[in-house]
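Content type mmCIF, C-alpha atoms, from the file query.cif:
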```cif
data_data
#
loop_
_atom_site.label_atom_id
_atom_site.label_comp_id
_atom_site.auth_asym_id
_atom_site.auth_seq_id
_atom_site.Cartn_x
_atom_site.Cartn_y
_atom_site.Cartn_z
CA MET A 23 4.43 11.95 11.13
CA SER A 24 0.90 12.36 9.85
CA HIS A 25 -1.77 9.80 10.59
CA HIS A 26 -1.88 8.46 7.04
CA ALA A 27 0.69 6.00 5.76
CA PRO A 28 3.19 7.32 3.19
CA ASN A 29 2.56 5.79 -0.23
CA ALA A 30 6.08 4.35 -0.44
CA LEU A 31 5.60 1.97 2.51
CA ARG A 32 4.23 -1.25 1.04
CA ASP A 33 4.00 -3.41 4.18
CA ALA A 34 1.75 -2.86 7.20
CA SER A 35 4.63 -3.92 9.45
CA LEU A 36 6.75 -1.06 8.03
CA VAL A 37 3.98 1.46 8.71
CA ASP A 38 3.94 0.25 12.34
CA PHE A 39 7.74 0.35 12.53
CA ALA A 40 7.88 3.90 11.12
CA SER A 41 5.47 5.12 13.79
CA GLN A 42 7.79 4.01 16.62
CA ALA A 43 9.84 6.60 18.49
CA ASP A 44 12.64 4.18 19.43
CA ALA A 45 15.58 5.23 17.24
CA ALA A 46 17.68 2.30 18.52
CA GLN A 47 15.59 -0.31 16.69
CA ARG A 48 16.55 -1.15 13.12
CA THR A 49 14.92 -3.16 10.37
CA SER A 50 16.19 -4.27 6.98
CA VAL A 51 14.32 -2.82 4.00
CA ILE A 52 14.44 -2.90 0.22
CA ILE A 53 14.13 0.61 -1.22
CA GLU A 54 13.16 0.91 -4.89
CA ALA A 55 14.19 3.98 -6.88
CA ARG A 56 11.36 5.86 -8.61
CA ARG A 57 11.11 4.86 -12.25
CA LEU A 58 8.71 5.02 -15.14
CA PRO A 59 6.64 1.91 -15.86
CA VAL A 60 8.02 -0.27 -18.62
CA THR A 61 5.91 -0.70 -21.73
CA PRO A 62 6.02 -4.32 -22.93
CA SER A 63 7.74 -4.90 -26.25
CA PRO A 64 5.60 -5.83 -29.26
CA GLN A 65 7.11 -9.34 -29.06
CA ALA A 66 6.03 -9.71 -25.43
CA LEU A 67 2.55 -8.43 -26.25
CA ALA A 68 2.31 -10.88 -29.14
CA ARG A 69 3.03 -13.80 -26.77
CA HIS A 70 0.14 -12.78 -24.48
CA THR A 71 -3.13 -14.52 -25.21
CA ALA A 72 -6.22 -12.38 -24.69
CA VAL A 73 -8.70 -14.36 -22.62
CA GLY A 74 -11.54 -11.86 -22.51
CA PRO A 75 -13.14 -9.13 -24.60
CA SER A 76 -12.03 -6.38 -22.21
CA GLU A 77 -8.37 -7.22 -22.95
CA LEU A 78 -8.90 -6.41 -26.62
CA LEU A 79 -10.04 -2.84 -25.94
CA PRO A 80 -7.75 0.11 -25.14
CA PRO A 81 -8.15 1.68 -21.69
CA PRO A 82 -10.85 4.37 -21.38
CA VAL A 83 -9.72 7.89 -22.31
CA HIS A 84 -10.10 9.16 -18.73
CA ALA A 85 -7.92 6.31 -17.41
CA ARG A 86 -5.16 7.09 -19.94
CA GLY A 87 -5.23 10.77 -18.98
CA ALA A 88 -5.10 10.01 -15.25
CA ALA A 89 -2.15 7.65 -15.71
CA ALA A 90 -0.21 10.24 -17.70
CA SER A 91 -0.79 13.01 -15.14
CA ALA A 92 0.18 10.72 -12.26
CA LEU A 93 3.49 9.94 -13.98
CA SER A 94 4.29 13.60 -14.56
CA GLU A 95 3.85 14.33 -10.83
CA TYR A 96 6.52 11.77 -9.95
CA PRO A 97 9.32 11.81 -12.53
CA ALA A 98 11.71 8.91 -12.75
CA CYS A 99 15.14 9.28 -11.18
CA ASP A 100 18.33 7.36 -11.46
CA MET A 101 19.90 5.29 -8.72
CA ASN A 102 22.32 8.10 -7.90
CA ASP A 103 19.44 10.29 -6.66
CA LEU A 104 18.40 7.59 -4.21
CA GLU A 105 22.02 6.96 -3.23
CA ALA A 106 22.42 10.69 -2.46
CA CYS A 107 19.35 10.53 -0.24
CA LEU A 108 20.78 7.50 1.59
CA SER A 109 24.10 9.32 1.92
CA SER A 110 22.41 12.35 3.52
CA LEU A 111 21.01 9.98 6.17
CA GLY A 112 24.40 8.32 6.72
CA LEU A 113 23.20 5.04 5.21
CA ALA A 114 25.04 4.88 1.86
CA ASP A 115 28.14 3.07 3.17
CA ASP A 116 26.08 0.18 4.56
CA ALA A 117 23.54 -0.01 1.71
CA ARG A 118 23.78 -2.84 -0.81
CA ARG A 119 23.09 -1.52 -4.31
CA ASN A 120 21.23 -3.69 -6.85
CA ASP A 121 21.33 -1.99 -10.26
CA LEU A 122 19.51 -4.90 -11.90
CA ASN A 123 16.20 -4.06 -10.22
CA GLY A 124 16.93 -0.45 -9.21
CA SER A 125 16.98 -0.88 -5.46
CA PHE A 126 19.07 -0.69 -2.31
CA VAL A 127 18.94 -2.98 0.74
CA VAL A 128 19.78 -1.27 4.01
CA GLU A 129 18.96 -1.32 7.72
CA VAL A 130 17.08 1.75 8.91
CA THR A 131 15.71 3.24 12.12
CA PRO A 132 12.11 4.49 12.36
CA PRO A 133 13.12 8.17 11.86
CA GLN A 134 15.22 7.26 8.81
CA LEU A 135 12.35 5.20 7.39
CA ARG A 136 9.98 8.16 7.74
CA VAL A 137 12.38 10.41 5.81
CA LEU A 138 12.91 7.82 3.07
CA ALA A 139 9.16 7.20 2.71
CA GLN A 140 8.72 10.88 1.82
CA ALA A 141 11.75 11.18 -0.49
CA PRO A 142 10.92 11.99 -4.13
CA SER A 143 13.53 9.49 -5.37
CA VAL A 144 11.77 6.55 -3.63
CA GLN A 145 9.05 4.57 -5.37
CA ALA A 146 8.48 1.80 -2.82
CA ILE A 147 9.88 0.41 0.41
CA HIS A 148 9.39 -3.26 1.30
CA SER A 149 10.42 -5.32 4.29
CA ASN A 150 13.48 -7.44 3.61
CA ARG A 151 12.06 -10.78 4.68
CA HIS A 152 15.49 -12.43 4.62
CA HIS A 153 16.71 -10.16 7.40
CA ARG A 154 15.06 -9.70 10.76
CA ARG A 155 14.71 -6.68 13.01
CA SER A 156 17.43 -5.97 15.53
CA ALA A 157 17.74 -3.73 18.59
CA GLY A 158 20.54 -1.13 18.78
#
```
The structure in this file should be written as structure tokens.
Amino acid sequence: MSHHAPNALRDASLVDFASQADAAQRTSVIIEARRLPVTPSPQALARHTAVGPSELLPPPVHARGAAASALSEYPACDMNDLEACLSSLGLADDARRNDLNGSFVVEVTPPQLRVLAQAPSVQAIHSNRHHRRSAG
């Protein structure tokens, strides 16, 4: 693994866990499928109260262009792409699928976590704080 943290790992404790060589250790994680950001509906925008002048202005042109190019580099995927990735690692049978928020909860080893952190179908990986780490 390189010395920089993969973008998908959102918790410092997961970065530390991924760097371990002990494949017997496991930790529970929440893996979010890559998806496009949701644009608020006009009704939701109408309910928001602008509290400052900067909120009334559109984003600068260069910021809009950068956001659009960043999205094109990482296209959205459906949950089946992520499930196929989990299946290739032998994790699909034990993963709990949550279609409501586009994620899976599963226990992984450090090598599996490193592979998932680099997978194109993964947007983010968080520690599952309701489940603790276990050894072998």
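Between Asn102 in chain A and the candidates A:Ala114, A:Val51, A:Leu135, A:Leu36, the tightest atom-to-atom separation, counting all atoms listed in the file, involves A:Ala114.
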When distances are computed from all atoms listed in the file, which of A:Ser143, A:Asp121, A:Arg136, A:Val127 shows the smallest separation from Leu58 in chain A?
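The shortest atom-to-atom distance to Leu58 in chain A comes from A:Ser143.
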Between CA of Ala117 in chain A and CA of Met101 in chain A, what distance in Å does the model show, to one decimal?
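We find that CA of Ala117 in chain A and CA of Met101 in chain A lie 12.3 Å from each other.
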Atom pair CA of Asp103 in chain A + CA of Ala43 in chain A, distance 27.2 Å
Just the number, please: distance in Å from CA of Cys107 in chain A to CA of Phe126 in chain A, one decimal.
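Between CA of Cys107 in chain A and CA of Phe126 in chain A the gap is 11.4 Å.
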Given the PyMOL selection byres ((chain A and resi 151) around 12) and the file above, list the residues it selects as a PDB file with C-alpha atoms, in the frame of the given file.
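Saved the output as part_17.pdb:
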```pdb
ATOM      1  CA  ASP A  33       4.000  -3.410   4.180  1.00  0.00           C
ATOM      2  CA  SER A  35       4.630  -3.920   9.450  1.00  0.00           C
ATOM      3  CA  LEU A  36       6.750  -1.060   8.030  1.00  0.00           C
ATOM      4  CA  THR A  49      14.920  -3.160  10.370  1.00  0.00           C
ATOM      5  CA  SER A  50      16.190  -4.270   6.980  1.00  0.00           C
ATOM      6  CA  VAL A  51      14.320  -2.820   4.000  1.00  0.00           C
ATOM      7  CA  ILE A  52      14.440  -2.900   0.220  1.00  0.00           C
ATOM      8  CA  VAL A 127      18.940  -2.980   0.740  1.00  0.00           C
ATOM      9  CA  HIS A 148       9.390  -3.260   1.300  1.00  0.00           C
ATOM     10  CA  SER A 149      10.420  -5.320   4.290  1.00  0.00           C
ATOM     11  CA  ASN A 150      13.480  -7.440   3.610  1.00  0.00           C
ATOM     12  CA  HIS A 152      15.490 -12.430   4.620  1.00  0.00           C
ATOM     13  CA  HIS A 153      16.710 -10.160   7.400  1.00  0.00           C
ATOM     14  CA  ARG A 154      15.060  -9.700  10.760  1.00  0.00           C
ATOM     15  CA  ARG A 155      14.710  -6.680  13.010  1.00  0.00           C
TER      16      ARG A 155
END
```
Closest to Ala141 in chain A among A:Asn29, A:Ser125, A:Asn120, A:Gln65, using all atoms listed in the file?
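Selected residue with least distance to Ala141 in chain A: A:Asn29.
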Hey, what's within 8 Å of Ala55 in chain A if we count all atoms listed in the file and toss same-chain stuff fewer than 4 positions away? As an NGL selection string, please?
:A and (99-101 or 104 or 124-125 or 143-146)
Can you tell me which residues surround Asp115 in chain A at a distance of at most 10 Å, considering all atoms listed in the file, apart from same-chain residues fewer than 6 positions away, and format the answer as a ChimeraX atom specification?
/A:105,108-109,128
List, as an mmCIF file with C-alpha atoms, in the frame of the given file, every residue that the PyMOL selection byres ((chain A and resi 40) around 8) selects in the file provided.
```
data_model
loop_
_atom_site.group_PDB
_atom_site.id
_atom_site.type_symbol
_atom_site.label_atom_id
_atom_site.label_comp_id
_atom_site.auth_asym_id
_atom_site.auth_seq_id
_atom_site.Cartn_x
_atom_site.Cartn_y
_atom_site.Cartn_z
ATOM 1 C CA LEU A 36 6.750 -1.060 8.030
ATOM 2 C CA VAL A 37 3.980 1.460 8.710
ATOM 3 C CA ASP A 38 3.940 0.250 12.340
ATOM 4 C CA PHE A 39 7.740 0.350 12.530
ATOM 5 C CA SER A 41 5.470 5.120 13.790
ATOM 6 C CA GLN A 42 7.790 4.010 16.620
ATOM 7 C CA THR A 131 15.710 3.240 12.120
ATOM 8 C CA PRO A 132 12.110 4.490 12.360
ATOM 9 C CA PRO A 133 13.120 8.170 11.860
ATOM 10 C CA LEU A 135 12.350 5.200 7.390
ATOM 11 C CA ARG A 136 9.980 8.160 7.740
#
```
Nearest to Ile147 in chain A: which of A:Leu31, A:Leu113, A:Ala68, A:Ala46 is it, counting all atoms listed in the file?
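Counting all atoms listed in the file, the residue closest to Ile147 in chain A is A:Leu31.
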